[in-house]
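What follows is a short report on a single structure.
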Amino acid sequence: MGRKRNQGKARKAAKAKADNEEGLQKLQRSGLSHAKMLEDGTVHICLHGAGPFCYKGICHEFETAFREEFYDAADRIGDSVSGCLMLAKNATMDEFAEVWNDCAQMEIAISCFLSEGAQHILEGEYDHAREKAVFTRYLEQIVAIDLRKTQAMMNYPKINQLWRIDTMLDTMRGDVHTLVKFFRKRIPCKCLDEKYEEVKSITKMGRCYNPECPIPCGYVERSKTFYCSRCRNETYCSRECQKACWTEHKQYCDKRAAIIAEFEAEQQHDALALQQS
């Protein structure tokens, strides 16, 4: 009797494991590659901080539409990250105005991009992770500039650090150290801790914005670059490169510096008014 009982338990355990494996495969086929089976046979899904609304509803629709518009723009204008992001925003603004104009909805969209990007890293799909990192950083800055009013203007060097410098050269891509650190700082779980230990010795890379920089594609160690002190929106590898680029950069620098000055004056005025109230 005892042997039959044990055999029955074994059959039930085997069936439960088979059912769990089948359920796991269904989840993975549905797009939840996050799903994995633990040693005890139960299925665990870490969404890296994404909430229940990330994979359904308007925020998920927004995420899909924004990505499609970004790559449609890339087909038309080339690999200009800033241009593609702005065109994708303009193309989705009317249909998804309630997302663009609401902090809570934007945070949901951001958490979805972060969740997918973190999983891409775990699966070794770094180019897909770069895409999600660029979208995340862009939306974060949109929230800061347009909704929370805590930032004067877009900082594209920060975005470009995560993308690729030149699509013709596979080596000219954002370094993996920066990429993994970006996601690891933003997700609540520890899923990227081990990966970060693997890549943290990789040199962080940046870009010199002088088109005539003698370094190929201006792809340099980030520690050797510095921002333009007026507009804080372009980086250079040397004073020589900054001077060589000044004639072209000046027209943009003056406009950006004026925007920053106006923003900081408003911030100071609001802070003073708050103190006096």
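To be explicit about the labels: the chains of the structure tokens are called A, B, and onward in the order shown, and within each one the residues are counted from 1, while ligands get numbers from 1 in the order they are shown.
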
Requested in this report: For Ile259 of chain A, list every protein, DNA or RNA residue within 9 Å, evaluated using only C-alpha atoms, and leave out those in the same chain fewer than 4 positions away; present the list as an MDAnalysis selection string.
Outcome: chainID A and resid 152:153 231 254:255 263:264

For the residues selected in the previous step, produce a file with all heavy atoms as a tab-separated table (two decimals), in the first residue's frame.
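Generated output (part.tsv):
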```tsv
chain	number	residue	atom	x	y	z
A	152	ALA	N	15.83	72.18	-18.12
A	152	ALA	CA	15.62	73.25	-19.11
A	152	ALA	C	15.40	72.70	-20.51
A	152	ALA	O	14.53	73.17	-21.25
A	152	ALA	CB	16.81	74.20	-19.10
A	153	MET	N	16.20	71.73	-20.91
A	153	MET	CA	16.14	71.25	-22.28
A	153	MET	C	16.73	69.85	-22.37
A	153	MET	O	17.33	69.35	-21.43
A	153	MET	CB	16.91	72.21	-23.20
A	153	MET	CG	18.37	72.36	-22.84
A	153	MET	SD	19.21	73.64	-23.80
A	153	MET	CE	19.02	72.99	-25.44
A	231	CYS	N	26.29	75.87	-23.14
A	231	CYS	CA	25.02	75.19	-23.45
A	231	CYS	C	24.90	73.83	-22.80
A	231	CYS	O	23.81	73.27	-22.72
A	231	CYS	CB	24.86	75.06	-24.96
A	231	CYS	SG	25.96	73.84	-25.73
A	254	ASP	N	24.31	79.65	-28.55
A	254	ASP	CA	23.67	80.88	-28.08
A	254	ASP	C	22.20	80.63	-27.74
A	254	ASP	O	21.70	81.08	-26.70
A	254	ASP	CB	23.77	81.98	-29.14
A	254	ASP	CG	25.20	82.50	-29.31
A	254	ASP	OD1	26.00	82.28	-28.38
A	254	ASP	OD2	25.49	83.11	-30.34
A	255	LYS	N	21.49	79.89	-28.60
A	255	LYS	CA	20.07	79.61	-28.36
A	255	LYS	C	19.89	78.74	-27.12
A	255	LYS	O	19.02	79.00	-26.28
A	255	LYS	CB	19.47	78.91	-29.58
A	255	LYS	CG	19.40	79.78	-30.83
A	255	LYS	CD	18.85	78.99	-32.01
A	255	LYS	CE	18.82	79.84	-33.27
A	255	LYS	NZ	18.32	79.07	-34.45
A	263	PHE	N	15.44	79.52	-17.95
A	263	PHE	CA	14.93	78.47	-17.05
A	263	PHE	C	15.46	78.67	-15.64
A	263	PHE	O	14.70	78.60	-14.67
A	263	PHE	CB	15.35	77.10	-17.58
A	263	PHE	CG	15.04	75.96	-16.65
A	263	PHE	CD1	13.76	75.43	-16.57
A	263	PHE	CD2	16.04	75.41	-15.84
A	263	PHE	CE1	13.47	74.38	-15.70
A	263	PHE	CE2	15.75	74.37	-14.98
A	263	PHE	CZ	14.47	73.85	-14.91
A	264	GLU	N	16.75	78.92	-15.50
A	264	GLU	CA	17.34	79.09	-14.17
A	264	GLU	C	16.80	80.34	-13.48
A	264	GLU	O	16.62	80.34	-12.26
A	264	GLU	CB	18.87	79.13	-14.30
A	264	GLU	CG	19.46	77.78	-14.71
A	264	GLU	CD	20.97	77.81	-14.87
A	264	GLU	OE1	21.54	78.92	-14.96
A	264	GLU	OE2	21.58	76.72	-14.91
```

Query raised in the report: What's the 9 Å shell around segment 217-230 of chain A, counting only C-alpha atoms, without same-chain residues fewer than 5 positions away, as an NGL selection string?
Result: :A and (165-166 or 172-173 or 203-212 or 235-238 or 242 or 253-254 or 256-257 or 260)

Please save C-alpha atoms of the selected residues as a JSON list (two decimals), in the first residue's frame.
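And here is the file that came out, out.json:
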```json
[["chain", "number", "residue", "atom", "x", "y", "z"],
["A", 165, "ILE", "CA", 28.04, 56.35, -32.81],
["A", 166, "ASP", "CA", 28.21, 54.93, -36.32],
["A", 172, "MET", "CA", 31.28, 52.29, -32.42],
["A", 173, "ARG", "CA", 28.45, 51.53, -30.04],
["A", 203, "THR", "CA", 35.89, 51.59, -20.21],
["A", 204, "LYS", "CA", 33.02, 54.05, -20.51],
["A", 205, "MET", "CA", 33.00, 55.71, -23.91],
["A", 206, "GLY", "CA", 31.79, 59.10, -25.09],
["A", 207, "ARG", "CA", 31.76, 61.26, -28.19],
["A", 208, "CYS", "CA", 33.58, 64.36, -29.38],
["A", 209, "TYR", "CA", 31.09, 66.52, -31.30],
["A", 210, "ASN", "CA", 33.73, 68.10, -33.52],
["A", 211, "PRO", "CA", 33.00, 66.57, -36.96],
["A", 212, "GLU", "CA", 36.68, 66.99, -37.83],
["A", 235, "THR", "CA", 31.04, 67.26, -25.54],
["A", 236, "TYR", "CA", 34.60, 67.48, -26.82],
["A", 237, "CYS", "CA", 37.79, 65.53, -26.35],
["A", 238, "SER", "CA", 40.11, 68.57, -26.35],
["A", 242, "GLN", "CA", 36.12, 72.69, -29.23],
["A", 253, "CYS", "CA", 25.10, 77.35, -28.34],
["A", 254, "ASP", "CA", 23.67, 80.88, -28.08],
["A", 256, "ARG", "CA", 20.61, 76.82, -25.85],
["A", 257, "ALA", "CA", 22.42, 79.07, -23.39],
["A", 260, "ILE", "CA", 19.06, 77.60, -19.83]]
```

Report task. Using only C-alpha atoms, determine which residues lie at most 8 Å from Lys132 of chain A, disregarding the query and same-chain residues fewer than 5 positions distant; provide the list as a ChimeraX atom specification. Result -> /A:113-114,116-117

Requested in this report: Write out as number ranges by chain the residues lying within 12 Å of Ala97 of chain A, counting only C-alpha atoms and excluding same-chain residues fewer than 6 positions away.
Outcome: A: 58-59, 62, 89-91, 103, 105-106

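Ranking A:Gln251, A:Gln141, A:Gln268, A:Ser115 by their shortest atom-to-atom distance to Gly49 of chain A, with only C-alpha atoms included, puts A:Ser115 first.
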
Query raised in the report: Can you tell me, as a ChimeraX atom specification, what residues are no more than 12 Å from Trp163 of chain A when counting only C-alpha atoms, ignoring any on the same chain fewer than 6 positions away?
Result: /A:79-82,126-138,156-157,170-176,178-179,205-207

Query raised in the report: Which residues, written as a PyMOL selection string, have at least one atom at most 9 Å from Ala65 of chain A, with only C-alpha atoms counted and residues fewer than 5 positions away on the same chain left out?
Result: chain A and resi 60+70+88+91-92

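Interatomic distance, atom CA of Leu147 of chain A to atom CA of Phe96 of chain A: 15.2 Å.
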
Query raised in the report: What's the 9 Å shell around Lys158 of chain A, counting only C-alpha atoms, without same-chain residues fewer than 3 positions away, as number ranges by chain?
Result: A: 137, 155, 161-162, 233

Query raised in the report: Could you state the separation of atom CA of Leu192 of chain A and atom CA of Cys112 of chain A in Å, given to one decimal place?
Result: 16.3 Å
